[in-house]
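File shown here: data_27.cif, holding mmCIF, C-alpha atoms and all ligand atoms.
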data_model
loop_
_atom_site.label_atom_id
_atom_site.label_comp_id
_atom_site.auth_asym_id
_atom_site.auth_seq_id
_atom_site.Cartn_x
_atom_site.Cartn_y
_atom_site.Cartn_z
CA MET A 1137 15.72 9.38 14.30
CA GLN A 1138 12.58 8.89 12.29
CA ILE A 1139 12.67 5.71 10.18
CA HIS A 1140 10.77 5.11 6.97
CA VAL A 1141 10.95 1.68 5.32
CA ALA A 1142 9.61 2.19 1.79
CA ASP A 1143 7.65 -0.98 1.12
CA HIS A 1144 6.39 -0.27 -2.40
CA PRO A 1145 6.19 -3.44 -4.56
CA LEU A 1146 8.50 -1.96 -7.23
CA ILE A 1147 11.07 -1.15 -4.55
CA SER A 1148 10.86 -4.70 -3.16
CA HIS A 1149 11.14 -6.15 -6.66
CA LYS A 1150 14.28 -4.17 -7.51
CA LEU A 1151 15.79 -4.86 -4.09
CA THR A 1152 15.28 -8.60 -4.54
CA THR A 1153 17.24 -8.54 -7.81
CA LEU A 1154 19.98 -6.46 -6.16
CA ARG A 1155 20.30 -9.09 -3.44
CA ASP A 1156 20.69 -11.91 -5.96
CA VAL A 1157 24.32 -13.05 -6.08
CA ASN A 1158 23.88 -13.77 -9.81
CA THR A 1159 23.07 -10.13 -10.67
CA ASP A 1160 26.04 -8.72 -12.59
CA SER A 1161 27.59 -5.29 -12.00
CA PRO A 1162 25.94 -3.43 -14.92
CA THR A 1163 22.50 -4.68 -13.86
CA PHE A 1164 23.28 -3.95 -10.21
CA ARG A 1165 24.25 -0.33 -11.05
CA ARG A 1166 21.14 0.22 -13.15
CA LEU A 1167 18.79 -1.22 -10.53
CA ALA A 1168 20.48 0.65 -7.68
CA ASP A 1169 20.02 3.85 -9.69
CA GLU A 1170 16.31 3.14 -10.28
CA LEU A 1171 15.78 2.13 -6.67
CA VAL A 1172 17.37 5.34 -5.38
CA THR A 1173 15.07 7.43 -7.54
CA LEU A 1174 12.09 5.70 -5.94
CA LEU A 1175 13.60 6.20 -2.47
CA ALA A 1176 14.37 9.83 -3.33
CA TYR A 1177 10.66 10.40 -3.93
CA GLU A 1178 9.97 9.26 -0.36
CA ALA A 1179 13.03 11.03 1.08
CA THR A 1180 12.12 14.43 -0.36
CA ARG A 1181 8.62 14.51 1.05
CA ASP A 1182 9.79 17.24 3.49
CA VAL A 1183 11.93 19.20 1.04
CA ARG A 1184 11.37 22.90 1.66
CA THR A 1185 9.35 24.89 -0.85
CA GLU A 1186 7.95 28.39 -1.03
CA PRO A 1187 4.84 29.70 -2.75
CA VAL A 1188 5.22 31.00 -6.28
CA GLN A 1189 2.81 32.23 -8.94
CA VAL A 1190 3.07 31.25 -12.62
CA GLN A 1191 1.18 32.34 -15.66
CA THR A 1192 -0.31 29.34 -17.50
CA PRO A 1193 -1.61 29.84 -21.07
CA VAL A 1194 -5.03 30.25 -19.44
CA ALA A 1195 -4.65 32.00 -16.08
CA LEU A 1196 -2.46 32.67 -13.09
CA ALA A 1197 -1.72 29.56 -11.01
CA GLN A 1198 -0.40 29.22 -7.48
CA GLY A 1199 2.46 26.78 -7.16
CA VAL A 1200 5.68 26.17 -5.25
CA LYS A 1201 9.40 26.16 -5.91
CA LEU A 1202 12.32 24.77 -3.92
CA THR A 1203 13.65 27.35 -1.45
CA SER A 1204 17.17 28.68 -1.12
CA PRO A 1205 19.62 27.58 0.17
CA LYS A 1206 19.35 24.61 -2.14
CA PRO A 1207 19.34 21.08 -0.70
CA LEU A 1208 22.75 19.46 -0.42
CA VAL A 1209 23.26 15.84 -1.51
CA VAL A 1210 26.20 14.09 0.15
CA PRO A 1211 27.22 10.71 -1.25
CA ILE A 1212 29.59 8.80 1.02
CA LEU A 1213 32.50 7.59 -1.13
CA ARG A 1214 32.86 5.08 -2.60
CA ALA A 1215 29.57 3.16 -2.68
CA GLY A 1216 27.36 6.24 -2.19
CA LEU A 1217 28.48 7.45 -5.64
CA GLY A 1218 26.34 4.69 -7.15
CA MET A 1219 23.31 6.47 -5.65
CA LEU A 1220 24.08 10.00 -6.81
CA GLU A 1221 22.48 10.02 -10.25
CA GLY A 1222 19.31 8.41 -8.96
CA MET A 1223 18.98 11.21 -6.39
CA GLN A 1224 19.91 14.00 -8.80
CA ARG A 1225 17.21 12.82 -11.20
CA LEU A 1226 14.64 14.12 -8.71
CA LEU A 1227 16.70 16.99 -7.30
CA PRO A 1228 18.64 18.28 -10.32
CA THR A 1229 19.28 21.71 -8.77
CA ALA A 1230 20.67 20.34 -5.49
CA GLU A 1231 24.32 20.98 -4.74
CA VAL A 1232 26.58 17.98 -4.17
CA GLY A 1233 29.23 17.64 -1.46
CA PHE A 1234 31.45 14.63 -0.96
CA LEU A 1235 32.55 12.72 2.14
CA GLY A 1236 35.09 9.94 1.81
CA MET A 1237 34.76 7.51 4.69
CA ILE A 1238 36.29 4.12 5.09
CA ARG A 1239 35.46 1.35 7.50
CA ASN A 1240 38.35 -0.44 9.21
CA GLU A 1241 37.38 -4.06 8.58
CA GLU A 1242 38.92 -5.17 11.91
CA THR A 1243 37.58 -2.55 14.32
CA LEU A 1244 34.54 -1.75 12.07
CA GLU A 1245 35.05 1.94 12.98
CA ALA A 1246 34.78 4.64 10.29
CA SER A 1247 37.32 7.37 9.53
CA THR A 1248 37.19 10.33 7.11
CA TYR A 1249 39.79 10.36 4.30
CA ALA A 1250 38.31 13.05 2.03
CA GLU A 1251 35.89 15.92 2.39
CA ARG A 1252 34.51 18.49 -0.06
CA LEU A 1253 31.63 20.24 1.66
CA PRO A 1254 30.63 23.86 2.27
CA ASP A 1255 32.12 25.15 5.57
CA ASP A 1256 28.77 26.57 6.59
CA LEU A 1257 25.68 24.38 6.29
CA SER A 1258 23.42 26.66 8.32
CA GLY A 1259 19.80 26.21 7.34
CA ARG A 1260 20.61 23.49 4.78
CA GLN A 1261 18.63 20.32 4.20
CA CYS A 1262 21.16 17.52 3.60
CA TYR A 1263 20.61 14.14 1.95
CA VAL A 1264 23.28 11.59 2.85
CA LEU A 1265 23.64 8.68 0.42
CA ASP A 1266 25.11 5.47 1.81
CA PRO A 1267 23.82 2.13 0.49
CA MET A 1268 24.40 0.00 3.58
CA LEU A 1269 23.59 1.06 7.14
CA ALA A 1270 25.46 -1.82 8.79
CA THR A 1271 27.29 -1.10 12.08
CA GLY A 1272 26.21 2.55 11.85
CA GLY A 1273 29.75 3.88 12.38
CA THR A 1274 30.01 5.54 8.96
CA LEU A 1275 26.55 7.08 8.93
CA SER A 1276 26.89 8.27 12.49
CA ALA A 1277 30.22 9.97 11.75
CA ALA A 1278 28.83 11.52 8.54
CA ILE A 1279 25.78 12.91 10.34
CA ALA A 1280 27.96 14.29 13.17
CA PHE A 1281 30.13 16.03 10.54
CA LEU A 1282 27.10 17.72 8.94
CA VAL A 1283 25.59 18.68 12.30
CA GLN A 1284 28.88 20.26 13.33
CA ARG A 1285 28.78 22.44 10.17
CA GLY A 1286 25.28 23.63 11.01
CA ALA A 1287 22.97 21.43 8.89
CA ALA A 1288 19.30 22.09 9.72
CA HIS A 1289 17.80 18.80 8.60
CA ILE A 1290 19.40 15.50 7.59
CA THR A 1291 17.88 12.62 5.65
CA ALA A 1292 19.92 9.44 5.19
CA VAL A 1293 18.99 7.37 2.14
CA CYS A 1294 20.15 3.73 2.42
CA LEU A 1295 19.31 0.72 0.29
CA LEU A 1296 19.41 -1.54 3.33
CA ALA A 1297 19.70 -1.12 7.09
CA ALA A 1298 20.46 -3.45 10.00
CA PRO A 1299 18.87 -3.09 13.44
CA GLU A 1300 22.33 -2.84 15.08
CA GLY A 1301 23.25 0.12 12.85
CA ILE A 1302 20.03 1.94 13.55
CA ALA A 1303 20.53 1.44 17.30
CA ARG A 1304 24.10 2.78 17.08
CA VAL A 1305 23.11 5.87 15.08
CA GLU A 1306 20.25 6.58 17.46
CA ALA A 1307 22.56 6.25 20.49
CA ASP A 1308 25.25 8.45 18.92
CA LEU A 1309 22.69 11.10 17.98
CA ALA A 1310 21.06 11.25 21.38
CA ASP A 1311 22.21 14.88 21.83
CA VAL A 1312 21.45 16.02 18.27
CA SER A 1313 18.52 18.42 18.23
CA ILE A 1314 17.87 18.74 14.47
CA PRO A 1315 15.48 16.35 12.69
CA VAL A 1316 17.16 13.23 11.27
CA LEU A 1317 15.27 10.83 9.01
CA LEU A 1318 16.29 7.45 7.61
CA VAL A 1319 14.68 6.26 4.37
CA THR A 1320 15.52 2.71 3.37
CA ALA A 1321 14.24 0.01 1.02
CA GLY A 1322 14.63 -2.72 3.62
CA LEU A 1323 15.29 -3.39 7.28
CA ASP A 1324 17.20 -6.66 7.45
CA GLU A 1325 17.62 -9.21 10.20
CA LYS A 1326 21.08 -8.66 11.68
CA LEU A 1327 24.81 -8.27 11.11
CA ASN A 1328 27.09 -11.27 10.78
CA GLU A 1329 30.38 -11.67 12.68
CA VAL A 1330 32.30 -9.56 10.13
CA GLY A 1331 29.77 -6.73 10.07
CA TYR A 1332 27.90 -7.61 6.88
CA ILE A 1333 24.14 -7.22 6.72
CA VAL A 1334 22.23 -10.55 6.72
CA PRO A 1335 20.71 -11.45 4.32
CA GLY A 1336 21.87 -8.16 2.75
CA LEU A 1337 23.35 -7.96 -0.72
CA GLY A 1338 27.08 -8.34 -0.03
CA ASP A 1339 29.60 -5.53 -0.42
CA ALA A 1340 27.73 -2.73 -2.19
CA GLY A 1341 30.92 -1.00 -3.38
CA ASP A 1342 32.31 -4.21 -4.87
CA ARG A 1343 29.02 -5.06 -6.54
CA LEU A 1344 28.80 -1.57 -8.06
CA TYR A 1345 32.42 -1.13 -9.06
CA GLY A 1346 34.25 -4.43 -8.66
CA VAL A 1347 36.84 -5.46 -6.07
CA VAL A 1348 39.71 -2.95 -5.90
N1 LIG B 1401 28.92 -2.64 3.70
C1 LIG B 1401 28.47 -3.33 2.63
O1 LIG B 1401 28.76 -2.98 1.49
N2 LIG B 1401 27.70 -4.42 2.85
C2 LIG B 1401 27.36 -4.84 4.09
O2 LIG B 1401 26.64 -5.83 4.23
C3 LIG B 1401 27.85 -4.10 5.19
C4 LIG B 1401 28.62 -3.00 4.97
#

Represent the structure from my file as structure tokens, please.
Ligand code: URA
Amino acid sequence: MQIHVADHPLISHKLTTLRDVNTDSPTFRRLADELVTLLAYEATRDVRTEPVQVQTPVALAQGVKLTSPKPLVVPILRAGLGMLEGMQRLLPTAEVGFLGMIRNEETLEASTYAERLPDDLSGRQCYVLDPMLATGGTLSAAIAFLVQRGAAHITAVCLLAAPEGIARVEADLADVSIPVLLVTAGLDEKLNEVGYIVPGLGDAGDRLYGVV
């Protein structure tokens, strides 16, 4: 897996406010949205395009347009939903599929409880949205799901990642032959004993949507 930690000062600034325990939910949602748009810019560096010609008011110009099939954006429910608009701002024509995955807080293993994705992802570039790459169980399962449906290229966009999660995803993907990229705003120190990223930002879903 190729890893890109986006260390732009605006990204670091927004991430710092997201981490702050005193940041309220409306501010957290707005900043997460802005941060994802900045990450999306980095994450779409390899988005496929094809040459196209347009007529300007002055002359013909050579340009590009996104190729078909369109990219597929896959937010992991629930917290990944808070990243969807930020991603769609840059990729408004992308299709959106949904994966509902939940982490068992005792075993820390992920299981799928909902899925709305095309059956055939052959040739598709997929962008998985999951704010926290912690133990890696959820992201690993999500990537395996997309690979099994034929995805050609997968980019995971995460606000934060932990070294343990990256190691787990890399180990689980050892046999995966398609390119997989991780774009994140920060690589933190470690996980704590209950699987939270340290220093992290707490429970991303709760901070976006409250404790339910
Ligand atoms: N999920 C979160 O929301 N936060 C963490 O720190 C780890 C997993």

Inset, instruction - For ligand LIG 1401 (chain B), collect every residue having any atom at a distance of at most 6 Å from a ligand atom (counting all atoms listed in the file); output as a PyMOL selection string. - result: chain A and resi 1268+1270+1331-1333+1336+1338-1341

Inset, instruction - Find the residues near stretch 1149-1155 of chain A: any atom within 7 Å, counting only C-alpha atoms, skip ones fewer than 3 places away on the same chain, and give them as an NGL selection string. - result: :A and (1145-1146 or 1159 or 1164 or 1167 or 1171 or 1336-1337)

Legend entry - Pairwise distance for atom CA of A:Val1334 and atom CA of A:Ala1298, rounded to one decimal in Å: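 Going from atom CA of A:Val1334 over to atom CA of A:Ala1298, I get 8.0 Å.
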
Inset, instruction - List the neighbours of A:Met1237 out to 6 Å using only C-alpha atoms; skip same-chain residues closer than 4 positions along the sequence, and give me the result as JSON, numbers by chain. - result: {"A": [1247, 1248, 1249]}

Stretch 1161-1269 of chain A residues near stretch 1313-1323 of chain A within 9 Å, closest pair each, using only C-alpha atoms, as a Markdown table:
| residue | atom | partner | partner_atom | distance |
| --- | --- | --- | --- | --- |
| A:Leu1171 | CA | A:Ala1321 | CA | 8.1 |
| A:Val1172 | CA | A:Ala1321 | CA | 8.9 |
| A:Leu1175 | CA | A:Val1319 | CA | 6.9 |
| A:Ala1176 | CA | A:Val1319 | CA | 8.5 |
| A:Glu1178 | CA | A:Val1319 | CA | 7.3 |
| A:Ala1179 | CA | A:Val1319 | CA | 6.0 |
| A:Pro1267 | CA | A:Thr1320 | CA | 8.8 |

Write out as a tab-separated table (two decimals) with C-alpha atoms, in the coordinates of the input which residues come within 7 Å of A:Gly1286 when counting all atoms listed in the file, dropping same-chain ones fewer than 2 positions away.
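File selection36.tsv, as written:
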chain	number	residue	atom	x	y	z
A	1256	ASP	CA	28.77	26.57	6.59
A	1257	LEU	CA	25.68	24.38	6.29
A	1258	SER	CA	23.42	26.66	8.32
A	1282	LEU	CA	27.10	17.72	8.94
A	1283	VAL	CA	25.59	18.68	12.30
A	1284	GLN	CA	28.88	20.26	13.33
A	1288	ALA	CA	19.30	22.09	9.72

Inset, instruction - Can you pull out every residue within 9 Å of A:Arg1165, counting all atoms listed in the file, but drop anything in the same chain fewer than 5 positions away, and send it as number ranges by chain? - result: A: 1154, 1160, 1170, 1218-1219, 1343-1345

Output file for the selection above: C-alpha atoms, as a PDB file, in the coordinates of the input:
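As written to disk, result-v6.pdb reads:
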ATOM      1  CA  LEU A1154      19.980  -6.460  -6.160  1.00  0.00           C
ATOM      2  CA  ASP A1160      26.040  -8.720 -12.590  1.00  0.00           C
ATOM      3  CA  GLU A1170      16.310   3.140 -10.280  1.00  0.00           C
ATOM      4  CA  GLY A1218      26.340   4.690  -7.150  1.00  0.00           C
ATOM      5  CA  MET A1219      23.310   6.470  -5.650  1.00  0.00           C
ATOM      6  CA  ARG A1343      29.020  -5.060  -6.540  1.00  0.00           C
ATOM      7  CA  LEU A1344      28.800  -1.570  -8.060  1.00  0.00           C
ATOM      8  CA  TYR A1345      32.420  -1.130  -9.060  1.00  0.00           C
TER       9      TYR A1345
END

Inset, instruction - Tell me, in Å to one decimal, how far atom CA of A:Arg1304 is from atom CA of A:Leu1269. - result: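 Atom CA of A:Leu1269 lies 10.1 Å from atom CA of A:Arg1304.
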
Please determine an axis-aligned box that encloses all atoms of stretch 1195-1203 of chain A listed in the file, with 6 Å added on each side, and express its centre and edge lengths in Å to one decimal as lines of an AutoDock Vina configuration file.
center_x = 4.5
center_y = 28.7
center_z = -8.8
size_x = 30.3
size_y = 19.9
size_z = 26.6

Fewer than 5 positions away in the same chain doesn't count, so skip those; otherwise give me all residues within 12 Å of A:Phe1281, counting only C-alpha atoms, as a short mmCIF file (atom, residue, chain, number, x, y, z; two decimals) with C-alpha atoms, in the coordinates of the input.
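The result, written out as around-v5.cif:
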data_model
loop_
_atom_site.label_atom_id
_atom_site.label_comp_id
_atom_site.auth_asym_id
_atom_site.auth_seq_id
_atom_site.Cartn_x
_atom_site.Cartn_y
_atom_site.Cartn_z
CA VAL A 1210 26.20 14.09 0.15
CA ILE A 1212 29.59 8.80 1.02
CA PHE A 1234 31.45 14.63 -0.96
CA LEU A 1235 32.55 12.72 2.14
CA GLY A 1236 35.09 9.94 1.81
CA MET A 1237 34.76 7.51 4.69
CA SER A 1247 37.32 7.37 9.53
CA THR A 1248 37.19 10.33 7.11
CA GLU A 1251 35.89 15.92 2.39
CA ARG A 1252 34.51 18.49 -0.06
CA LEU A 1253 31.63 20.24 1.66
CA PRO A 1254 30.63 23.86 2.27
CA ASP A 1255 32.12 25.15 5.57
CA ASP A 1256 28.77 26.57 6.59
CA LEU A 1257 25.68 24.38 6.29
CA CYS A 1262 21.16 17.52 3.60
CA VAL A 1264 23.28 11.59 2.85
CA THR A 1274 30.01 5.54 8.96
CA LEU A 1275 26.55 7.08 8.93
CA SER A 1276 26.89 8.27 12.49
CA GLY A 1286 25.28 23.63 11.01
CA ALA A 1287 22.97 21.43 8.89
CA ILE A 1290 19.40 15.50 7.59
CA LEU A 1309 22.69 11.10 17.98
CA VAL A 1312 21.45 16.02 18.27
#

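Each of A:Glu1221, A:Tyr1263, A:Leu1226, A:Ser1161 was compared to A:Ile1279 using all atoms listed in the file, and A:Tyr1263 turns out to be the nearest.
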
Inset, instruction - Work out how far atom CA of A:Tyr1177 is from atom CA of A:Asp1143, in Å to one decimal. - result: 12.8 Å

Distance cut-off 7 Å, centre (25.5, 1.7, 16.0) in file coordinates, counting all atoms listed in the file: which residues qualify? Return them as a short mmCIF file (atom, residue, chain, number, x, y, z; two decimals) with C-alpha atoms, in the coordinates of the input.
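Listed below is the output, out_35.cif:
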data_model
loop_
_atom_site.label_atom_id
_atom_site.label_comp_id
_atom_site.auth_asym_id
_atom_site.auth_seq_id
_atom_site.Cartn_x
_atom_site.Cartn_y
_atom_site.Cartn_z
CA THR A 1271 27.29 -1.10 12.08
CA GLY A 1272 26.21 2.55 11.85
CA GLY A 1273 29.75 3.88 12.38
CA GLU A 1300 22.33 -2.84 15.08
CA GLY A 1301 23.25 0.12 12.85
CA ILE A 1302 20.03 1.94 13.55
CA ALA A 1303 20.53 1.44 17.30
CA ARG A 1304 24.10 2.78 17.08
CA VAL A 1305 23.11 5.87 15.08
#

Inset, instruction - Point out the residue among A:Leu1296, A:Ala1168, A:Ala1310, A:Ala1195 with the least atom-to-atom distance to A:Leu1327, counting all atoms listed in the file. - result: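 Checking each of A:Leu1296, A:Ala1168, A:Ala1310, A:Ala1195 against A:Leu1327, counting all atoms listed in the file, the winner is A:Leu1296.
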
Please rebuild stretch 1321-1344 of chain A with N, CA and C atoms and give the result as a PDB file, keeping the file's coordinate frame.
ATOM      1  N   ALA A1321      15.099   0.949   1.753  1.00  0.00           N
ATOM      2  CA  ALA A1321      14.240   0.010   1.020  1.00  0.00           C
ATOM      3  C   ALA A1321      13.996  -1.255   1.828  1.00  0.00           C
ATOM      4  N   GLY A1322      14.822  -1.497   2.844  1.00  0.00           N
ATOM      5  CA  GLY A1322      14.630  -2.720   3.620  1.00  0.00           C
ATOM      6  C   GLY A1322      15.346  -2.689   4.955  1.00  0.00           C
ATOM      7  N   LEU A1323      14.672  -3.243   5.954  1.00  0.00           N
ATOM      8  CA  LEU A1323      15.290  -3.390   7.280  1.00  0.00           C
ATOM      9  C   LEU A1323      15.552  -4.878   7.456  1.00  0.00           C
ATOM     10  N   ASP A1324      16.845  -5.245   7.426  1.00  0.00           N
ATOM     11  CA  ASP A1324      17.200  -6.660   7.450  1.00  0.00           C
ATOM     12  C   ASP A1324      17.289  -7.193   8.872  1.00  0.00           C
ATOM     13  N   GLU A1325      17.719  -8.478   8.944  1.00  0.00           N
ATOM     14  CA  GLU A1325      17.620  -9.210  10.200  1.00  0.00           C
ATOM     15  C   GLU A1325      18.708  -8.832  11.206  1.00  0.00           C
ATOM     16  N   LYS A1326      19.966  -8.821  10.730  1.00  0.00           N
ATOM     17  CA  LYS A1326      21.080  -8.660  11.680  1.00  0.00           C
ATOM     18  C   LYS A1326      22.382  -8.446  10.915  1.00  0.00           C
ATOM     19  N   LEU A1327      23.461  -8.274  11.690  1.00  0.00           N
ATOM     20  CA  LEU A1327      24.810  -8.270  11.110  1.00  0.00           C
ATOM     21  C   LEU A1327      25.448  -9.627  11.375  1.00  0.00           C
ATOM     22  N   ASN A1328      26.340 -10.049  10.476  1.00  0.00           N
ATOM     23  CA  ASN A1328      27.090 -11.270  10.780  1.00  0.00           C
ATOM     24  C   ASN A1328      28.370 -10.910  11.554  1.00  0.00           C
ATOM     25  N   GLU A1329      29.207 -11.897  11.809  1.00  0.00           N
ATOM     26  CA  GLU A1329      30.380 -11.670  12.680  1.00  0.00           C
ATOM     27  C   GLU A1329      31.422 -10.742  12.059  1.00  0.00           C
ATOM     28  N   VAL A1330      31.343 -10.511  10.738  1.00  0.00           N
ATOM     29  CA  VAL A1330      32.300  -9.560  10.130  1.00  0.00           C
ATOM     30  C   VAL A1330      31.598  -8.259   9.702  1.00  0.00           C
ATOM     31  N   GLY A1331      30.434  -8.008  10.271  1.00  0.00           N
ATOM     32  CA  GLY A1331      29.770  -6.730  10.070  1.00  0.00           C
ATOM     33  C   GLY A1331      29.019  -6.578   8.760  1.00  0.00           C
ATOM     34  N   TYR A1332      28.725  -7.682   8.101  1.00  0.00           N
ATOM     35  CA  TYR A1332      27.900  -7.610   6.880  1.00  0.00           C
ATOM     36  C   TYR A1332      26.426  -7.798   7.246  1.00  0.00           C
ATOM     37  N   ILE A1333      25.574  -7.113   6.470  1.00  0.00           N
ATOM     38  CA  ILE A1333      24.140  -7.220   6.720  1.00  0.00           C
ATOM     39  C   ILE A1333      23.644  -8.577   6.225  1.00  0.00           C
ATOM     40  N   VAL A1334      22.804  -9.241   7.048  1.00  0.00           N
ATOM     41  CA  VAL A1334      22.230 -10.550   6.720  1.00  0.00           C
ATOM     42  C   VAL A1334      20.702 -10.408   6.599  1.00  0.00           C
ATOM     43  N   PRO A1335      20.074 -10.828   5.481  1.00  0.00           N
ATOM     44  CA  PRO A1335      20.710 -11.450   4.320  1.00  0.00           C
ATOM     45  C   PRO A1335      21.461 -10.471   3.429  1.00  0.00           C
ATOM     46  N   GLY A1336      21.110  -9.193   3.438  1.00  0.00           N
ATOM     47  CA  GLY A1336      21.870  -8.160   2.750  1.00  0.00           C
ATOM     48  C   GLY A1336      21.997  -8.364   1.251  1.00  0.00           C
ATOM     49  N   LEU A1337      23.079  -7.815   0.712  1.00  0.00           N
ATOM     50  CA  LEU A1337      23.350  -7.960  -0.720  1.00  0.00           C
ATOM     51  C   LEU A1337      24.847  -8.061  -0.967  1.00  0.00           C
ATOM     52  N   GLY A1338      25.618  -8.256   0.112  1.00  0.00           N
ATOM     53  CA  GLY A1338      27.080  -8.340  -0.030  1.00  0.00           C
ATOM     54  C   GLY A1338      27.705  -6.968   0.102  1.00  0.00           C
ATOM     55  N   ASP A1339      28.881  -6.807  -0.477  1.00  0.00           N
ATOM     56  CA  ASP A1339      29.600  -5.530  -0.420  1.00  0.00           C
ATOM     57  C   ASP A1339      29.090  -4.634  -1.544  1.00  0.00           C
ATOM     58  N   ALA A1340      28.373  -3.575  -1.171  1.00  0.00           N
ATOM     59  CA  ALA A1340      27.730  -2.730  -2.190  1.00  0.00           C
ATOM     60  C   ALA A1340      28.762  -2.098  -3.116  1.00  0.00           C
ATOM     61  N   GLY A1341      29.881  -1.637  -2.552  1.00  0.00           N
ATOM     62  CA  GLY A1341      30.920  -1.000  -3.380  1.00  0.00           C
ATOM     63  C   GLY A1341      31.484  -1.984  -4.389  1.00  0.00           C
ATOM     64  N   ASP A1342      31.764  -3.192  -3.954  1.00  0.00           N
ATOM     65  CA  ASP A1342      32.310  -4.210  -4.870  1.00  0.00           C
ATOM     66  C   ASP A1342      31.291  -4.584  -5.937  1.00  0.00           C
ATOM     67  N   ARG A1343      30.043  -4.655  -5.554  1.00  0.00           N
ATOM     68  CA  ARG A1343      29.020  -5.060  -6.540  1.00  0.00           C
ATOM     69  C   ARG A1343      28.771  -3.943  -7.557  1.00  0.00           C
ATOM     70  N   LEU A1344      28.960  -2.699  -7.126  1.00  0.00           N
ATOM     71  CA  LEU A1344      28.800  -1.570  -8.060  1.00  0.00           C
ATOM     72  C   LEU A1344      30.018  -1.434  -8.961  1.00  0.00           C
TER      73      LEU A1344
END
